[in-house]
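Novice: So that you have it, the file is structure.cif, and it contains mmCIF, C-alpha atoms:
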```cif
data_target
loop_
_atom_site.label_atom_id
_atom_site.label_comp_id
_atom_site.auth_asym_id
_atom_site.auth_seq_id
_atom_site.Cartn_x
_atom_site.Cartn_y
_atom_site.Cartn_z
CA MET A 263 -41.73 -46.81 81.10
CA SER A 264 -44.92 -48.72 81.84
CA THR A 265 -48.30 -47.51 80.70
CA ILE A 266 -51.23 -46.76 82.93
CA GLU A 267 -54.97 -46.88 82.42
CA TYR A 268 -56.65 -43.75 83.69
CA GLU A 269 -60.24 -43.98 84.78
CA ASN A 270 -62.69 -41.12 84.60
CA LEU A 271 -60.17 -38.39 84.00
CA LYS A 272 -61.60 -35.01 83.05
CA TYR A 273 -60.08 -31.82 81.75
CA LYS A 274 -60.90 -28.17 82.11
CA VAL A 275 -59.49 -25.36 80.01
CA LYS A 276 -59.60 -21.66 80.82
CA THR A 277 -58.47 -18.93 78.47
CA ARG A 278 -57.84 -15.30 79.15
CA ILE A 279 -57.39 -12.55 76.56
CA TYR A 280 -55.69 -9.32 77.54
CA LYS A 281 -53.20 -6.60 76.75
CA VAL A 282 -51.17 -6.14 79.92
CA ASP A 283 -53.27 -7.27 82.85
CA SER A 284 -54.68 -10.79 82.57
CA SER A 285 -58.10 -9.20 82.39
CA PHE A 286 -60.67 -10.98 80.23
CA GLY A 287 -61.72 -14.54 80.99
CA PRO A 288 -64.74 -16.76 81.65
CA GLY A 289 -66.08 -14.53 84.45
CA VAL A 290 -66.40 -11.32 82.44
CA ALA A 291 -67.65 -13.30 79.45
CA ARG A 292 -70.42 -14.84 81.57
CA ILE A 293 -71.49 -11.46 82.98
CA MET A 294 -71.69 -10.15 79.42
CA GLU A 295 -73.73 -13.13 78.22
CA LEU A 296 -76.19 -12.57 81.07
CA VAL A 297 -76.43 -8.85 80.31
CA LYS A 298 -77.07 -9.69 76.67
CA GLU A 299 -79.86 -12.07 77.68
CA THR A 300 -81.54 -9.99 80.37
CA GLY A 301 -80.33 -6.39 80.06
CA ASN A 302 -79.96 -6.46 83.82
CA LEU A 303 -76.47 -6.05 85.25
CA SER A 304 -77.47 -6.43 88.91
CA LYS A 305 -79.25 -9.65 88.08
CA ALA A 306 -76.15 -10.89 86.24
CA TYR A 307 -74.05 -10.29 89.35
CA ARG A 308 -76.60 -12.05 91.54
CA THR A 309 -76.79 -15.04 89.19
CA MET A 310 -73.03 -15.38 89.45
CA GLY A 311 -72.92 -14.87 93.19
CA LEU A 312 -70.90 -11.67 92.83
CA SER A 313 -71.33 -8.50 94.86
CA SER A 314 -71.95 -5.40 92.71
CA SER A 315 -68.60 -3.95 93.73
CA LYS A 316 -66.71 -7.14 92.85
CA GLY A 317 -68.59 -7.53 89.56
CA TRP A 318 -68.03 -3.91 88.62
CA LYS A 319 -64.34 -4.22 89.46
CA ILE A 320 -63.73 -7.15 87.12
CA ILE A 321 -65.58 -5.42 84.27
CA LYS A 322 -63.71 -2.14 84.81
CA ARG A 323 -60.40 -3.99 84.94
CA ALA A 324 -61.15 -5.68 81.60
CA GLU A 325 -62.35 -2.43 80.01
CA GLU A 326 -59.27 -0.52 81.15
CA ASP A 327 -56.93 -3.24 80.01
CA LEU A 328 -58.56 -3.79 76.62
CA GLY A 329 -59.04 -0.08 76.01
CA PHE A 330 -62.75 -0.02 75.23
CA ALA A 331 -66.08 -0.23 77.06
CA LEU A 332 -67.81 -3.61 77.20
CA ILE A 333 -71.11 -2.73 78.88
CA GLU A 334 -73.12 0.50 78.85
CA SER A 335 -76.20 1.70 80.70
CA ILE A 336 -79.28 2.59 78.74
CA THR A 337 -80.30 5.87 80.37
CA GLY A 338 -83.65 7.61 79.96
CA GLY A 339 -86.92 6.25 78.62
CA SER A 340 -88.97 3.51 80.20
CA GLY A 341 -85.99 1.17 80.15
CA GLY A 342 -84.04 3.21 82.75
CA GLY A 343 -81.60 1.14 84.77
CA LYS A 344 -81.06 -1.36 82.01
CA SER A 345 -77.68 -2.27 80.56
CA ARG A 346 -76.47 -3.62 77.25
CA LEU A 347 -73.25 -4.58 75.58
CA THR A 348 -71.43 -1.90 73.62
CA GLU A 349 -70.82 -2.64 69.96
CA GLU A 350 -67.13 -3.37 70.68
CA GLY A 351 -68.18 -5.48 73.65
CA GLU A 352 -70.57 -7.56 71.59
CA LEU A 353 -67.96 -8.15 68.90
CA PHE A 354 -65.29 -9.04 71.42
CA LEU A 355 -67.59 -11.45 73.26
CA GLU A 356 -68.48 -13.10 69.97
CA LYS A 357 -64.80 -13.56 69.10
CA TYR A 358 -64.00 -14.86 72.57
CA SER A 359 -66.93 -17.31 72.44
CA ASN A 360 -65.99 -18.64 69.02
CA PHE A 361 -62.35 -18.88 70.02
CA THR A 362 -63.11 -20.80 73.22
CA LYS A 363 -65.59 -23.09 71.41
CA ASP A 364 -63.00 -23.99 68.77
CA LEU A 365 -60.36 -24.43 71.44
CA GLU A 366 -62.65 -26.71 73.43
CA ILE A 367 -62.99 -29.00 70.39
CA GLN A 368 -59.20 -29.19 69.98
CA CYS A 369 -58.75 -29.67 73.70
CA GLU A 370 -61.09 -32.65 73.74
CA LYS A 371 -59.25 -34.26 70.82
CA LEU A 372 -55.84 -33.70 72.38
CA PHE A 373 -57.01 -34.85 75.80
CA TYR A 374 -58.13 -38.22 74.43
CA LYS A 375 -55.03 -38.50 72.30
CA HIS A 376 -52.61 -37.93 75.16
CA PHE A 377 -54.37 -39.54 78.10
CA TYR A 378 -56.28 -42.33 76.37
CA ASN A 379 -54.21 -42.91 73.22
CA HIS A 380 -57.12 -42.48 70.84
CA MET B 887 -71.45 -5.31 62.80
CA SER B 888 -68.28 -3.28 62.31
CA THR B 889 -64.85 -4.81 62.60
CA ILE B 890 -62.18 -3.70 65.01
CA GLU B 891 -58.40 -3.82 64.91
CA TYR B 892 -56.99 -5.13 68.15
CA GLU B 893 -53.50 -4.06 69.10
CA ASN B 894 -51.15 -6.17 71.17
CA LEU B 895 -53.72 -8.66 72.39
CA LYS B 896 -52.33 -11.69 74.15
CA TYR B 897 -53.83 -14.95 75.30
CA LYS B 898 -53.20 -17.32 78.16
CA VAL B 899 -54.50 -20.85 78.47
CA LYS B 900 -54.60 -22.95 81.61
CA THR B 901 -55.62 -26.58 81.71
CA ARG B 902 -56.45 -28.76 84.63
CA ILE B 903 -56.74 -32.56 84.64
CA TYR B 904 -58.66 -34.26 87.40
CA LYS B 905 -61.17 -36.88 88.48
CA VAL B 906 -63.50 -35.09 90.89
CA ASP B 907 -61.66 -32.17 92.42
CA SER B 908 -60.08 -29.78 89.89
CA SER B 909 -56.73 -30.91 91.19
CA PHE B 910 -53.89 -31.04 88.65
CA GLY B 911 -52.78 -27.89 86.85
CA PRO B 912 -49.76 -25.72 86.07
CA GLY B 913 -48.76 -25.34 89.74
CA VAL B 914 -48.38 -29.05 90.55
CA ALA B 915 -46.78 -29.63 87.15
CA ARG B 916 -44.17 -26.94 87.87
CA ILE B 917 -43.37 -28.38 91.32
CA MET B 918 -42.89 -31.78 89.68
CA GLU B 919 -40.62 -30.38 86.97
CA LEU B 920 -38.47 -28.72 89.62
CA VAL B 921 -38.30 -31.94 91.67
CA LYS B 922 -37.30 -33.79 88.53
CA GLU B 923 -34.51 -31.29 87.87
CA THR B 924 -33.18 -30.85 91.39
CA GLY B 925 -34.49 -33.72 93.54
CA ASN B 926 -35.21 -31.09 96.16
CA LEU B 927 -38.83 -30.54 97.13
CA SER B 928 -38.15 -27.68 99.59
CA LYS B 929 -36.18 -25.87 96.93
CA ALA B 930 -39.05 -26.37 94.47
CA TYR B 931 -41.45 -24.73 96.91
CA ARG B 932 -39.06 -21.84 97.52
CA THR B 933 -38.53 -21.30 93.77
CA MET B 934 -42.28 -21.03 93.38
CA GLY B 935 -42.76 -18.80 96.42
CA LEU B 936 -44.87 -21.45 98.17
CA SER B 937 -44.75 -22.31 101.85
CA SER B 938 -44.04 -26.01 102.52
CA SER B 939 -47.53 -26.48 103.93
CA LYS B 940 -49.20 -24.85 100.93
CA GLY B 941 -47.02 -26.79 98.48
CA TRP B 942 -47.63 -30.06 100.27
CA LYS B 943 -51.36 -29.38 100.29
CA ILE B 944 -51.65 -28.93 96.54
CA ILE B 945 -49.59 -32.07 95.87
CA LYS B 946 -51.65 -34.13 98.34
CA ARG B 947 -54.86 -32.83 96.83
CA ALA B 948 -53.75 -33.88 93.35
CA GLU B 949 -52.53 -37.29 94.56
CA GLU B 950 -55.76 -38.00 96.42
CA ASP B 951 -57.89 -36.91 93.50
CA LEU B 952 -55.91 -38.80 90.84
CA GLY B 953 -55.52 -41.88 93.02
CA PHE B 954 -51.76 -42.32 92.84
CA ALA B 955 -48.62 -40.77 94.33
CA LEU B 956 -46.77 -38.18 92.25
CA ILE B 957 -43.69 -37.53 94.36
CA GLU B 958 -41.81 -39.79 96.76
CA SER B 959 -38.96 -39.26 99.21
CA ILE B 960 -35.75 -41.15 98.71
CA THR B 961 -34.99 -42.36 102.21
CA GLY B 962 -31.71 -43.77 103.44
CA GLY B 963 -28.28 -43.59 101.87
CA SER B 964 -26.28 -40.47 101.29
CA GLY B 965 -29.16 -38.91 99.35
CA GLY B 966 -31.40 -38.66 102.43
CA GLY B 967 -33.94 -35.86 102.23
CA LYS B 968 -34.14 -35.98 98.47
CA SER B 969 -37.34 -36.46 96.50
CA ARG B 970 -38.16 -37.82 93.09
CA LEU B 971 -41.18 -38.40 90.91
CA THR B 972 -42.91 -41.74 91.19
CA GLU B 973 -43.15 -43.77 87.99
CA GLU B 974 -46.84 -42.88 87.67
CA GLY B 975 -46.00 -39.26 88.44
CA GLU B 976 -43.36 -39.09 85.74
CA LEU B 977 -45.68 -40.63 83.16
CA PHE B 978 -48.55 -38.34 84.11
CA LEU B 979 -46.34 -35.24 83.99
CA GLU B 980 -45.09 -36.28 80.56
CA LYS B 981 -48.64 -36.70 79.27
CA TYR B 982 -49.72 -33.39 80.79
CA SER B 983 -46.69 -31.60 79.29
CA ASN B 984 -47.25 -33.04 75.82
CA PHE B 985 -50.97 -32.32 76.04
CA THR B 986 -50.43 -28.69 77.07
CA LYS B 987 -47.71 -28.19 74.42
CA ASP B 988 -50.01 -29.46 71.67
CA LEU B 989 -52.86 -27.39 73.04
CA GLU B 990 -50.68 -24.29 73.10
CA ILE B 991 -49.99 -24.74 69.37
CA GLN B 992 -53.71 -25.02 68.60
CA CYS B 993 -54.47 -22.13 70.90
CA GLU B 994 -52.05 -19.85 69.08
CA LYS B 995 -53.54 -20.79 65.70
CA LEU B 996 -57.10 -20.23 66.90
CA PHE B 997 -56.22 -17.00 68.65
CA TYR B 998 -54.84 -15.47 65.44
CA LYS B 999 -57.72 -16.85 63.43
CA HIS B 1000 -60.41 -15.37 65.66
CA PHE B 1001 -58.87 -12.11 66.83
CA TYR B 1002 -56.72 -11.21 63.83
CA ASN B 1003 -58.46 -13.06 60.98
CA HIS B 1004 -55.36 -14.90 59.83
#
```
If you convert what's in this file into structure tokens, what do you get?
Specialist:
Amino acid sequence: MSTIEYENLKYKVKTRIYKVDSSFGPGVARIMELVKETGNLSKAYRTMGLSSSKGWKIIKRAEEDLGFALIESITGGSGGGKSRLTEEGELFLEKYSNFTKDLEIQCEKLFYKHFYNH
Amino acid sequence: MSTIEYENLKYKVKTRIYKVDSSFGPGVARIMELVKETGNLSKAYRTMGLSSSKGWKIIKRAEEDLGFALIESITGGSGGGKSRLTEEGELFLEKYSNFTKDLEIQCEKLFYKHFYNH
């Protein structure tokens, strides 16, 4: 079989973590990162171009599938209306982020190995 | 931060290879594998629950983005109506399959490392 020189090929990798439903992926992770940064869930949805109902749905789906809450509201006090990650949510996001970062490194290596022979 | 024991977590990884459009992923690869096995494009679509127009569209999109044909019809002779992979298509599918297999191995390792600490 002949060889071929590929020009400007790119790769993209997406990982989901779940129990039954394929529930936790880049979308929920990004919402959580934004909540962590800003404490503002509505703003996170807006930044991602999601309606509140759509955003809420994908978070709920992940929480129900994983079996623990990811995001909680901070009620009362002057910070009313703010949100934050739960302790389990923060830990899970950290694991997911580290996992996807490590995987990205491997993916880049393997991509060059298989498509560019180096 | 406390640790948490996750039960029955699973992971899923999807990779796409492309130039501009995010065009080549598990769907096109599966169509190509089925064509390789059976020589029958319509049957490949049916097996995957795709309409011919939808199936054709995702192949065309990948071919246009990558810049070469993936599948060709075998015209004439008693095998009329059959399809096969082009030489470039076969080579690309092989690279994609090997790449995703290697990545799957790394993914499993990293998944257990990050979510189960072993």
Novice: Got a sec to pull out which chain A residues are within 10 Å of chain B, counting only C-alpha atoms, and send them as a PyMOL selection string?
Specialist: chain A and resi 263-266+268-284+286-287+327-329+349-350+352-354+356-362+364-366+368-378
Novice: Figure out the distance between CA of Lys943 in chain B and CA of Ser285 in chain A, please, to one decimal in Å.
Specialist: 27.8 Å
Novice: Which neighbours of Lys298 in chain A fall inside 10 Å, counting all atoms listed in the file, when residues of the same chain fewer than 2 positions from it are skipped, and could you give them as a PyMOL selection string?
Specialist: chain A and resi 292-296+300-303+306+333+345-347+352
Novice: Taking every listed atom of range 947-959 of chain B and adding 6 Å to each side, what centre and edge lengths in Å (one decimal) does the axis-aligned box have, as AutoDock Vina command-line options?
Specialist:
```
--center_x -48.4 --center_y -37.6 --center_z 95.0 --size_x 30.9 --size_y 21.5 --size_z 20.4
```
Novice: What separation in Å, quoted to one decimal, exists between CA of Gly913 in chain B and CA of Ile944 in chain B?
Specialist: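 So the two atoms, CA of Gly913 in chain B and CA of Ile944 in chain B, lie 8.2 Å apart.
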Novice: Determine, counting all atoms listed in the file, which protein, DNA and RNA residues have an atom within 12 Å of an atom of Lys940 in chain B; residues of the same chain fewer than 6 positions away are not included. Present the result as a count of residues only.
Specialist: 9
Novice: Just the number, please: distance in Å from CA of Leu312 in chain A to CA of Ala291 in chain A, one decimal.
Specialist: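 Spanning CA of Leu312 in chain A to CA of Ala291 in chain A is a straight-line distance of 13.9 Å.
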Novice: Restricting the calculation to all atoms listed in the file, which member of A:Gly351, A:Glu267, A:Phe330, A:Lys305 is positioned closest to Gly317 in chain A?
Specialist: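 Ranking A:Gly351, A:Glu267, A:Phe330, A:Lys305 by distance to Gly317 in chain A, first place goes to A:Lys305.
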